[in-house]
file upload00.cif (mmCIF, C-alpha atoms)
data_upload
#
loop_
_atom_site.label_atom_id
_atom_site.label_comp_id
_atom_site.auth_asym_id
_atom_site.auth_seq_id
_atom_site.Cartn_x
_atom_site.Cartn_y
_atom_site.Cartn_z
CA MET M 1314 5.20 -93.99 35.67
CA GLU M 1315 6.50 -97.54 36.04
CA ARG M 1316 10.06 -97.98 37.17
CA LYS M 1317 12.24 -99.12 34.26
CA GLY M 1318 15.06 -101.57 34.81
CA ILE M 1319 18.60 -100.26 35.24
CA LEU M 1320 21.27 -101.42 32.81
CA PHE M 1321 24.56 -102.21 34.58
CA VAL M 1322 27.73 -102.83 32.61
CA ILE M 1323 30.80 -104.54 34.07
CA SER M 1324 33.86 -103.98 31.93
CA GLY M 1325 37.62 -103.59 32.10
CA PRO M 1326 40.78 -105.12 30.69
CA SER M 1327 41.24 -108.86 30.39
CA GLY M 1328 42.95 -110.18 33.48
CA ALA M 1329 41.00 -107.81 35.74
CA GLY M 1330 38.73 -110.66 36.80
CA LYS M 1331 35.44 -109.12 35.68
CA GLY M 1332 33.87 -112.50 34.90
CA THR M 1333 34.53 -113.83 38.41
CA VAL M 1334 33.28 -110.60 39.96
CA LEU M 1335 30.05 -110.84 37.93
CA ARG M 1336 29.37 -114.44 38.97
CA ARG M 1337 29.85 -113.58 42.64
CA VAL M 1338 27.65 -110.49 42.39
CA LEU M 1339 24.88 -112.57 40.80
CA GLU M 1340 25.10 -115.02 43.71
CA GLN M 1341 24.61 -112.33 46.31
CA GLU M 1342 22.25 -109.83 44.66
CA THR M 1343 18.61 -110.52 43.82
CA GLY M 1344 16.49 -109.09 41.03
CA LEU M 1345 19.38 -108.88 38.62
CA ALA M 1346 19.17 -110.56 35.22
CA VAL M 1347 22.21 -111.39 33.19
CA SER M 1348 22.23 -111.15 29.44
CA VAL M 1349 23.61 -114.18 27.63
CA SER M 1350 26.09 -113.15 24.92
CA ALA M 1351 26.30 -114.62 21.45
CA THR M 1352 29.70 -115.77 20.20
CA THR M 1353 31.34 -117.44 17.25
CA ARG M 1354 33.98 -119.09 19.39
CA ALA M 1355 33.76 -122.85 20.00
CA PRO M 1356 32.20 -124.00 23.27
CA ARG M 1357 34.74 -124.97 25.95
CA ALA M 1358 34.25 -128.11 28.06
CA GLY M 1359 31.11 -127.78 30.18
CA GLU M 1360 29.73 -124.71 28.39
CA ILE M 1361 26.06 -124.99 27.50
CA ASP M 1362 24.43 -123.24 24.55
CA GLY M 1363 21.92 -120.64 25.75
CA ILE M 1364 23.33 -120.67 29.31
CA HIS M 1365 26.97 -119.60 29.00
CA TYR M 1366 26.71 -118.28 25.47
CA HIS M 1367 24.49 -118.48 22.43
CA PHE M 1368 26.95 -120.29 20.16
CA LYS M 1369 26.67 -119.11 16.57
CA THR M 1370 28.45 -119.82 13.30
CA GLN M 1371 30.25 -116.93 11.58
CA GLU M 1372 27.39 -116.80 9.09
CA GLU M 1373 24.67 -116.69 11.73
CA PHE M 1374 26.54 -114.01 13.66
CA ASP M 1375 27.07 -111.86 10.57
CA ARG M 1376 23.39 -112.14 9.69
CA MET M 1377 22.51 -110.89 13.21
CA ILE M 1378 24.85 -107.92 12.67
CA GLU M 1379 23.17 -107.10 9.36
CA ASN M 1380 19.75 -107.29 11.00
CA HIS M 1381 20.87 -104.89 13.78
CA GLU M 1382 20.13 -107.51 16.39
CA PHE M 1383 23.08 -106.56 18.62
CA LEU M 1384 23.28 -103.93 21.29
CA GLU M 1385 27.05 -104.17 20.85
CA TYR M 1386 29.48 -106.67 19.38
CA VAL M 1387 33.24 -106.92 19.17
CA ALA M 1388 35.80 -109.00 17.34
CA LYS M 1389 38.48 -110.38 19.63
CA PHE M 1390 41.20 -112.88 18.72
CA HIS M 1391 39.42 -114.06 15.56
CA ASN M 1392 36.11 -114.54 17.36
CA LYS M 1393 33.09 -112.30 17.65
CA TYR M 1394 31.09 -111.62 20.80
CA GLY M 1395 27.82 -109.72 20.97
CA THR M 1396 24.88 -108.82 23.19
CA PRO M 1397 21.52 -109.62 21.56
CA LYS M 1398 19.42 -106.48 21.88
CA ALA M 1399 15.85 -107.83 22.09
CA GLN M 1400 16.15 -109.72 25.37
CA VAL M 1401 17.85 -106.78 27.13
CA LEU M 1402 15.24 -104.25 26.00
CA LYS M 1403 12.40 -106.54 27.06
CA MET M 1404 13.80 -107.06 30.56
CA LEU M 1405 14.50 -103.35 31.10
CA ASP M 1406 11.01 -102.50 29.89
CA GLU M 1407 9.51 -104.93 32.37
CA GLY M 1408 11.43 -103.21 35.17
CA THR M 1409 14.11 -105.86 35.60
CA ASP M 1410 17.67 -104.68 36.19
CA VAL M 1411 20.10 -106.21 33.71
CA ILE M 1412 23.85 -106.65 34.03
CA LEU M 1413 26.26 -107.16 31.12
CA GLU M 1414 29.88 -108.19 31.25
CA ILE M 1415 31.45 -106.87 28.06
CA GLU M 1416 34.61 -105.43 26.52
CA THR M 1417 35.31 -101.70 26.83
CA ILE M 1418 34.60 -101.10 23.13
CA GLY M 1419 31.17 -102.64 23.57
CA ALA M 1420 30.65 -100.64 26.75
CA ALA M 1421 31.27 -97.41 24.83
CA LYS M 1422 28.54 -98.42 22.36
CA VAL M 1423 26.13 -99.19 25.21
CA ARG M 1424 26.90 -95.81 26.80
CA LYS M 1425 25.94 -94.12 23.55
CA GLU M 1426 22.66 -96.00 23.17
CA PHE M 1427 21.78 -95.97 26.90
CA PRO M 1428 23.03 -92.74 28.48
CA LYS M 1429 21.46 -93.84 31.79
CA ALA M 1430 23.37 -97.13 31.91
CA VAL M 1431 25.70 -97.57 34.88
CA LEU M 1432 29.22 -98.43 33.73
CA VAL M 1433 31.62 -100.05 36.19
CA PHE M 1434 35.31 -100.35 35.32
CA VAL M 1435 36.91 -103.36 37.03
CA THR M 1436 40.70 -103.21 37.33
CA PRO M 1437 43.57 -104.14 39.61
CA SER M 1438 44.89 -101.10 41.46
CA SER M 1439 47.77 -100.64 39.03
CA TYR M 1440 48.90 -101.55 35.56
CA SER M 1441 51.87 -103.50 36.92
CA GLU M 1442 49.48 -105.63 38.96
CA LEU M 1443 47.58 -106.43 35.74
CA GLU M 1444 50.86 -107.49 34.10
CA LYS M 1445 51.60 -109.80 37.03
CA ARG M 1446 48.21 -111.44 36.75
CA LEU M 1447 48.53 -112.14 33.09
CA ASP M 1448 51.93 -113.67 33.89
CA ARG M 1449 50.49 -115.85 36.63
CA ARG M 1450 47.81 -117.17 34.32
CA GLY M 1451 50.63 -118.75 32.38
CA THR M 1452 48.25 -120.41 29.95
CA GLU M 1453 48.88 -118.04 27.13
CA GLU M 1454 51.56 -117.51 24.58
CA GLU M 1455 53.80 -114.48 25.00
CA ALA M 1456 52.36 -112.91 21.87
CA VAL M 1457 48.79 -113.15 23.17
CA LYS M 1458 49.86 -111.76 26.54
CA ALA M 1459 51.64 -108.84 24.90
CA MET M 1460 48.57 -108.13 22.81
CA ARG M 1461 46.32 -108.19 25.88
CA LEU M 1462 48.57 -105.64 27.59
CA LYS M 1463 48.62 -103.43 24.54
CA ILE M 1464 44.83 -103.57 24.36
CA ALA M 1465 44.62 -102.88 28.11
CA LYS M 1466 46.45 -99.58 27.64
CA THR M 1467 43.83 -98.35 25.20
CA GLU M 1468 41.08 -99.70 27.44
CA TYR M 1469 42.30 -97.64 30.38
CA LYS M 1470 41.97 -94.53 28.25
CA SER M 1471 38.23 -95.17 28.02
CA MET M 1472 37.83 -95.05 31.80
CA LYS M 1473 36.59 -91.49 31.69
CA TYR M 1474 33.33 -92.70 30.15
CA TYR M 1475 32.58 -94.89 33.17
CA ASN M 1476 30.56 -94.02 36.25
CA TYR M 1477 32.42 -96.12 38.78
CA ILE M 1478 35.73 -97.87 39.37
CA ALA M 1479 35.85 -101.19 41.25
CA ILE M 1480 39.41 -102.07 42.28
CA ASN M 1481 39.88 -105.83 42.17
CA ASP M 1482 42.95 -106.50 44.31
CA ASP M 1483 40.82 -108.43 46.78
CA LEU M 1484 37.89 -110.32 45.22
CA ASP M 1485 35.53 -110.07 48.22
CA ARG M 1486 36.02 -106.32 48.48
CA CYS M 1487 35.52 -105.86 44.76
CA VAL M 1488 32.28 -107.87 44.84
CA ASP M 1489 31.08 -105.75 47.78
CA THR M 1490 31.91 -102.59 45.87
CA VAL M 1491 29.91 -103.68 42.81
CA SER M 1492 27.01 -104.77 45.05
CA ALA M 1493 27.09 -101.37 46.77
CA ILE M 1494 26.97 -99.62 43.38
CA ILE M 1495 23.92 -101.69 42.36
CA ARG M 1496 22.10 -101.05 45.65
CA ALA M 1497 22.88 -97.35 45.62
CA GLU M 1498 21.76 -96.85 42.01
CA ARG M 1499 18.47 -98.58 42.82
CA VAL M 1500 17.66 -95.95 45.44
CA ASN M 1501 18.97 -93.04 43.40
CA LEU M 1502 16.03 -90.62 43.30
CA LYS M 1503 16.69 -89.71 39.67
CA ARG M 1504 15.75 -93.29 38.86
CA ASN M 1505 12.66 -93.27 41.07
CA PRO M 1506 10.48 -90.36 39.95
CA GLU M 1507 7.35 -92.25 41.01
CA THR M 1508 8.61 -92.32 44.63
CA VAL M 1509 9.16 -88.58 44.63
CA GLU M 1510 5.67 -88.13 43.16
CA TYR M 1511 4.09 -90.41 45.77
CA PHE M 1512 5.54 -88.43 48.68
CA ARG M 1513 4.84 -85.11 47.01
CA HIS M 1514 1.13 -85.84 47.00
CA ILE M 1515 0.52 -86.94 50.57
CA ASP M 1516 -2.12 -85.00 52.45
CA MET Z 1374 45.00 -83.42 42.61
CA GLU Z 1375 44.31 -84.68 46.14
CA ARG Z 1376 41.02 -86.37 46.77
CA LYS Z 1377 38.71 -84.11 48.78
CA GLY Z 1378 36.36 -85.57 51.37
CA ILE Z 1379 32.76 -86.26 50.44
CA LEU Z 1380 30.02 -84.54 52.43
CA PHE Z 1381 27.13 -86.91 53.20
CA VAL Z 1382 23.87 -85.60 54.63
CA ILE Z 1383 21.29 -87.81 56.33
CA SER Z 1384 17.96 -86.10 56.63
CA GLY Z 1385 14.23 -86.76 56.66
CA PRO Z 1386 11.20 -86.17 58.85
CA SER Z 1387 11.28 -86.71 62.60
CA GLY Z 1388 10.15 -90.22 63.40
CA ALA Z 1389 11.98 -91.64 60.37
CA GLY Z 1390 14.78 -92.90 62.62
CA LYS Z 1391 17.63 -91.00 60.98
CA GLY Z 1392 19.59 -90.70 64.24
CA THR Z 1393 19.55 -94.46 64.83
CA VAL Z 1394 20.49 -95.11 61.19
CA LEU Z 1395 23.44 -92.73 61.48
CA ARG Z 1396 24.77 -94.37 64.66
CA ARG Z 1397 24.61 -97.81 63.06
CA VAL Z 1398 26.28 -96.61 59.86
CA LEU Z 1399 29.12 -95.08 61.89
CA GLU Z 1400 29.64 -98.43 63.64
CA GLN Z 1401 30.03 -100.32 60.38
CA GLU Z 1402 31.76 -97.86 58.06
CA THR Z 1403 35.32 -96.63 58.46
CA GLY Z 1404 36.86 -93.33 57.45
CA LEU Z 1405 33.70 -91.39 58.12
CA ALA Z 1406 33.75 -88.42 60.48
CA VAL Z 1407 30.65 -87.09 62.10
CA SER Z 1408 30.15 -83.41 62.69
CA VAL Z 1409 29.01 -82.47 66.20
CA SER Z 1410 26.11 -80.02 66.10
CA ALA Z 1411 25.72 -76.99 68.32
CA THR Z 1412 22.40 -76.51 70.12
CA THR Z 1413 20.69 -74.24 72.59
CA ARG Z 1414 18.59 -77.06 74.05
CA ALA Z 1415 19.45 -78.37 77.51
CA PRO Z 1416 21.55 -81.54 77.71
CA ARG Z 1417 19.53 -84.72 78.34
CA ALA Z 1418 20.72 -87.31 80.85
CA GLY Z 1419 24.00 -88.82 79.68
CA GLU Z 1420 24.67 -86.28 76.95
CA ILE Z 1421 28.21 -84.92 76.97
CA ASP Z 1422 29.21 -81.47 75.73
CA GLY Z 1423 31.44 -81.74 72.68
CA ILE Z 1424 30.47 -85.38 72.06
CA HIS Z 1425 26.71 -85.42 71.54
CA TYR Z 1426 26.35 -81.68 71.02
CA HIS Z 1427 28.18 -78.46 71.61
CA PHE Z 1428 25.77 -77.00 74.17
CA LYS Z 1429 25.44 -73.24 73.81
CA THR Z 1430 23.41 -70.48 75.41
CA GLN Z 1431 21.01 -68.50 73.23
CA GLU Z 1432 23.50 -65.63 73.29
CA GLU Z 1433 26.46 -67.76 72.27
CA PHE Z 1434 24.46 -69.36 69.48
CA ASP Z 1435 23.23 -66.02 68.16
CA ARG Z 1436 26.77 -64.67 68.15
CA MET Z 1437 27.88 -67.67 66.08
CA ILE Z 1438 25.05 -66.92 63.61
CA GLU Z 1439 26.19 -63.30 63.35
CA ASN Z 1440 29.77 -64.41 62.74
CA HIS Z 1441 28.62 -66.77 59.93
CA GLU Z 1442 30.08 -69.71 61.81
CA PHE Z 1443 27.31 -72.11 60.76
CA LEU Z 1444 27.02 -74.21 57.65
CA GLU Z 1445 23.32 -74.39 58.44
CA TYR Z 1446 21.14 -73.86 61.49
CA VAL Z 1447 17.46 -74.25 62.23
CA ALA Z 1448 15.05 -73.28 64.98
CA LYS Z 1449 12.89 -76.18 66.13
CA PHE Z 1450 10.50 -76.22 69.07
CA HIS Z 1451 12.04 -73.13 70.70
CA ASN Z 1452 15.57 -74.47 70.36
CA LYS Z 1453 18.25 -73.85 67.75
CA TYR Z 1454 20.48 -76.46 66.15
CA GLY Z 1455 23.42 -75.74 63.88
CA THR Z 1456 26.43 -77.28 62.14
CA PRO Z 1457 29.68 -75.36 62.87
CA LYS Z 1458 31.28 -74.71 59.51
CA ALA Z 1459 35.02 -74.65 60.33
CA GLN Z 1460 35.42 -78.26 61.45
CA VAL Z 1461 33.50 -79.62 58.44
CA LEU Z 1462 35.55 -77.61 55.93
CA LYS Z 1463 38.80 -78.68 57.57
CA MET Z 1464 37.93 -82.38 57.46
CA LEU Z 1465 36.74 -82.25 53.84
CA ASP Z 1466 39.88 -80.38 52.88
CA GLU Z 1467 42.04 -83.06 54.49
CA GLY Z 1468 40.24 -85.71 52.44
CA THR Z 1469 38.05 -87.06 55.24
CA ASP Z 1470 34.45 -87.92 54.39
CA VAL Z 1471 32.00 -86.21 56.72
CA ILE Z 1472 28.42 -87.16 57.54
CA LEU Z 1473 25.80 -84.81 58.95
CA GLU Z 1474 22.40 -85.69 60.38
CA ILE Z 1475 20.29 -82.58 59.99
CA GLU Z 1476 16.78 -81.27 59.33
CA THR Z 1477 15.55 -80.91 55.75
CA ILE Z 1478 15.71 -77.11 55.90
CA GLY Z 1479 19.37 -77.33 56.87
CA ALA Z 1480 19.95 -79.92 54.16
CA ALA Z 1481 18.62 -77.50 51.55
CA LYS Z 1482 21.16 -74.91 52.73
CA VAL Z 1483 23.98 -77.45 52.56
CA ARG Z 1484 22.90 -78.42 49.02
CA LYS Z 1485 23.20 -74.78 47.98
CA GLU Z 1486 26.67 -74.30 49.48
CA PHE Z 1487 27.98 -77.79 48.51
CA PRO Z 1488 26.44 -78.85 45.20
CA LYS Z 1489 28.54 -82.03 45.34
CA ALA Z 1490 27.18 -83.10 48.73
CA VAL Z 1491 25.33 -86.42 48.79
CA LEU Z 1492 21.88 -86.02 50.31
CA VAL Z 1493 20.06 -89.08 51.61
CA PHE Z 1494 16.38 -88.86 52.55
CA VAL Z 1495 15.47 -91.37 55.27
CA THR Z 1496 11.77 -92.18 55.52
CA PRO Z 1497 9.38 -95.01 56.28
CA SER Z 1498 7.85 -96.39 53.08
CA SER Z 1499 4.66 -94.36 53.53
CA TYR Z 1500 3.26 -91.36 55.31
CA SER Z 1501 0.80 -93.52 57.25
CA GLU Z 1502 3.73 -95.57 58.57
CA LEU Z 1503 5.33 -92.34 59.83
CA GLU Z 1504 2.06 -91.46 61.61
CA LYS Z 1505 2.02 -94.88 63.29
CA ARG Z 1506 5.56 -94.44 64.54
CA LEU Z 1507 4.92 -91.07 66.06
CA ASP Z 1508 1.89 -92.67 67.76
CA ARG Z 1509 3.96 -95.56 69.08
CA ARG Z 1510 6.51 -93.19 70.58
CA GLY Z 1511 3.71 -92.04 72.88
CA THR Z 1512 6.02 -89.67 74.69
CA GLU Z 1513 4.72 -86.55 73.11
CA GLU Z 1514 1.68 -84.38 73.50
CA GLU Z 1515 -0.91 -84.51 70.74
CA ALA Z 1516 -0.12 -80.94 69.75
CA VAL Z 1517 3.58 -81.70 69.25
CA LYS Z 1518 2.74 -84.86 67.30
CA ALA Z 1519 0.34 -82.94 65.05
CA MET Z 1520 3.00 -80.31 64.43
CA ARG Z 1521 5.60 -82.96 63.56
CA LEU Z 1522 3.22 -84.44 61.00
CA LYS Z 1523 2.46 -81.06 59.53
CA ILE Z 1524 6.19 -80.34 59.25
CA ALA Z 1525 6.75 -83.80 57.73
CA LYS Z 1526 4.40 -82.96 54.86
CA THR Z 1527 6.47 -79.94 53.90
CA GLU Z 1528 9.66 -81.96 54.37
CA TYR Z 1529 8.50 -84.58 51.89
CA LYS Z 1530 8.09 -81.85 49.30
CA SER Z 1531 11.84 -81.19 49.50
CA MET Z 1532 12.67 -84.77 48.51
CA LYS Z 1533 13.33 -83.75 44.93
CA TYR Z 1534 16.53 -82.01 46.04
CA TYR Z 1535 17.96 -85.26 47.41
CA ASN Z 1536 20.19 -87.77 45.64
CA TYR Z 1537 18.98 -90.92 47.34
CA ILE Z 1538 16.08 -92.35 49.32
CA ALA Z 1539 16.68 -94.84 52.12
CA ILE Z 1540 13.46 -96.56 53.18
CA ASN Z 1541 13.54 -97.28 56.89
CA ASP Z 1542 10.89 -99.95 57.44
CA ASP Z 1543 13.58 -102.40 58.50
CA LEU Z 1544 16.54 -100.85 60.31
CA ASP Z 1545 19.19 -103.35 59.11
CA ARG Z 1546 18.16 -102.90 55.50
CA CYS Z 1547 18.15 -99.14 55.81
CA VAL Z 1548 21.64 -99.14 57.35
CA ASP Z 1549 22.84 -101.38 54.51
CA THR Z 1550 21.33 -99.00 51.97
CA VAL Z 1551 23.08 -95.97 53.46
CA SER Z 1552 26.37 -97.91 53.66
CA ALA Z 1553 25.98 -98.90 50.00
CA ILE Z 1554 25.43 -95.25 49.04
CA ILE Z 1555 28.61 -94.22 50.90
CA ARG Z 1556 30.69 -97.00 49.33
CA ALA Z 1557 29.37 -96.34 45.85
CA GLU Z 1558 29.96 -92.58 46.03
CA ARG Z 1559 33.53 -93.22 47.14
CA VAL Z 1560 34.25 -95.10 43.91
CA ASN Z 1561 32.28 -92.72 41.71
CA LEU Z 1562 34.79 -91.70 39.03
CA LYS Z 1563 33.55 -88.09 39.04
CA ARG Z 1564 34.92 -87.89 42.57
CA ASN Z 1565 38.23 -89.56 41.68
CA PRO Z 1566 39.78 -87.56 38.85
CA GLU Z 1567 43.27 -88.51 40.05
CA THR Z 1568 42.47 -92.19 39.47
CA VAL Z 1569 41.36 -91.52 35.91
CA GLU Z 1570 44.55 -89.49 35.39
CA TYR Z 1571 46.75 -92.24 36.81
CA PHE Z 1572 45.41 -94.88 34.45
CA ARG Z 1573 45.37 -92.48 31.52
CA HIS Z 1574 49.14 -92.06 31.76
CA ILE Z 1575 50.32 -95.64 31.98
CA ASP Z 1576 52.83 -96.67 29.37
#
call {"tool": "encode", "arguments": {"input": "upload00.cif", "output": "structure tokens"}}
result
Amino acid sequence: MERKGILFVISGPSGAGKGTVLRRVLEQETGLAVSVSATTRAPRAGEIDGIHYHFKTQEEFDRMIENHEFLEYVAKFHNKYGTPKAQVLKMLDEGTDVILEIETIGAAKVRKEFPKAVLVFVTPSSYSELEKRLDRRGTEEEAVKAMRLKIAKTEYKSMKYYNYIAINDDLDRCVDTVSAIIRAERVNLKRNPETVEYFRHID
Amino acid sequence: MERKGILFVISGPSGAGKGTVLRRVLEQETGLAVSVSATTRAPRAGEIDGIHYHFKTQEEFDRMIENHEFLEYVAKFHNKYGTPKAQVLKMLDEGTDVILEIETIGAAKVRKEFPKAVLVFVTPSSYSELEKRLDRRGTEEEAVKAMRLKIAKTEYKSMKYYNYIAINDDLDRCVDTVSAIIRAERVNLKRNPETVEYFRHID
């Protein structure tokens, strides 16, 4: 039996810093592929199609939904974001570990489709700390900030579906925690039946 | 609900280097208590009673067995080795993580009594590598070496009861693997129900 890839999911409320954590983890861990999301939102300065996102029109995105081409997708502030299914399945099948950074609603869908996926909830150590961070960002209107906090509350309620929590009060420590989770899951014997078999048959 | 300590068990065949791995892990990880084993074997040069082992006479050891004072004990090459139960239970109860380095037979007993214990199987990447190491040691008679290898074969069959495998071909990598397992288990949400509760009740 060939080892299949492990699907890792990094999620958590906005403001928790999950995007930064993911980039740092990718710098320090090897053998980890990242799935490029599709989105209807406009590219920001410096963002490259196919690298940061697959940029799609509303029509293209909706056609992908109809064709069941997404592992998960969510609508967020008038834009849609989704994980194209085909590339993820291919990588896992080839034995490559894949990591996704997605919203908690998407993560719940992934959990349903991939019960063996490893879900990591990234969060500051308290809700008040999250509030402070959204304040410090200062780039958003009050209404958007209030909506993010309201959404965060519902997101925290989904924590029970996750396997791990990675507290992001200190970025380096949080990155180390996520790296540790990845390394540990790779040597989890439930995920390595062929290793157990190998040692069972020595003579 | 207070967080209870996690019981980690490092085990594997003799020659796998589990003792060295444990010492290195203890140097680099904090908040991890080690349980001092009791033994009937004579102290080696430099070994201190109560630090390296609790040295016991056969009679004292047997009385401890009768009084059910051991979490596990094994007989090995005419000597007995055991883990005194009281100190381990006390530390776990106080929320301290405890790590034991024991034989696979003992590990199986611990698994039975503590289903939530985390069992790590330390081994070279192949059986032939284990044979080479026992050869390189060169300090043992052929008969002892042959017996160790015979025991190792039965030990490998118990691997299916373990949670993780830590390949010890390169000591630094193996130590990092065991550290990753410890860090990951500490943030496993199944072990942190109070964290889930905390975030569930924010308002």
call {"tool": "resolve_selection", "arguments": {"input": "upload00.cif", "expression": "the PyMOL selection byres ((chain M and resi 1368) around 12)", "output": "ChimeraX atom specification"}}
result
/M:1349-1357,1360-1367,1369-1374,1392-1395
call {"tool": "closest_atom_pairs", "arguments": {"input": "upload00.cif", "of": "range 1507-1526 of chain Z", "to": "range 1484-1502 of chain Z", "cutoff": "10 Å", "atoms": "only C-alpha atoms", "output": "CSV"}}
result
residue,atom,partner,partner_atom,distance
Z:Leu1507,CA,Z:Glu1502,CA,8.8
Z:Asp1508,CA,Z:Glu1502,CA,9.8
Z:Leu1522,CA,Z:Tyr1500,CA,9.0
Z:Ala1525,CA,Z:Tyr1500,CA,8.7
Z:Lys1526,CA,Z:Tyr1500,CA,8.5
call {"tool": "atom_distance", "arguments": {"input": "upload00.cif", "atom1": "CA of Ile1495 in chain M", "atom2": "CA of Arg1461 in chain M"}}
result
28.6 Å
call {"tool": "resolve_selection", "arguments": {"input": "upload00.cif", "expression": "the PyMOL selection byres ((chain Z) within 6 of (chain M))", "output": "list in words"}}
result
Tyr1529, Lys1530, Asn1536, Tyr1537, Ile1538, Ala1553, Ile1554, Ala1557, Val1560, Asn1561, Leu1562, Phe1572 and Arg1573 of chain Z
call {"tool": "write_last_selection", "arguments": {"input": "upload00.cif", "atoms": "C-alpha atoms", "output": "mmCIF file, keeping the file's coordinate frame"}}
result
data_model
loop_
_atom_site.group_PDB
_atom_site.id
_atom_site.type_symbol
_atom_site.label_atom_id
_atom_site.label_comp_id
_atom_site.auth_asym_id
_atom_site.auth_seq_id
_atom_site.Cartn_x
_atom_site.Cartn_y
_atom_site.Cartn_z
ATOM 1 C CA TYR Z 1529 8.500 -84.580 51.890
ATOM 2 C CA LYS Z 1530 8.090 -81.850 49.300
ATOM 3 C CA ASN Z 1536 20.190 -87.770 45.640
ATOM 4 C CA TYR Z 1537 18.980 -90.920 47.340
ATOM 5 C CA ILE Z 1538 16.080 -92.350 49.320
ATOM 6 C CA ALA Z 1553 25.980 -98.900 50.000
ATOM 7 C CA ILE Z 1554 25.430 -95.250 49.040
ATOM 8 C CA ALA Z 1557 29.370 -96.340 45.850
ATOM 9 C CA VAL Z 1560 34.250 -95.100 43.910
ATOM 10 C CA ASN Z 1561 32.280 -92.720 41.710
ATOM 11 C CA LEU Z 1562 34.790 -91.700 39.030
ATOM 12 C CA PHE Z 1572 45.410 -94.880 34.450
ATOM 13 C CA ARG Z 1573 45.370 -92.480 31.520
#
call {"tool": "atom_distance", "arguments": {"input": "upload00.cif", "atom1": "CA of Thr1396 in chain M", "atom2": "CA of Val1457 in chain M"}}
result
24.3 Å
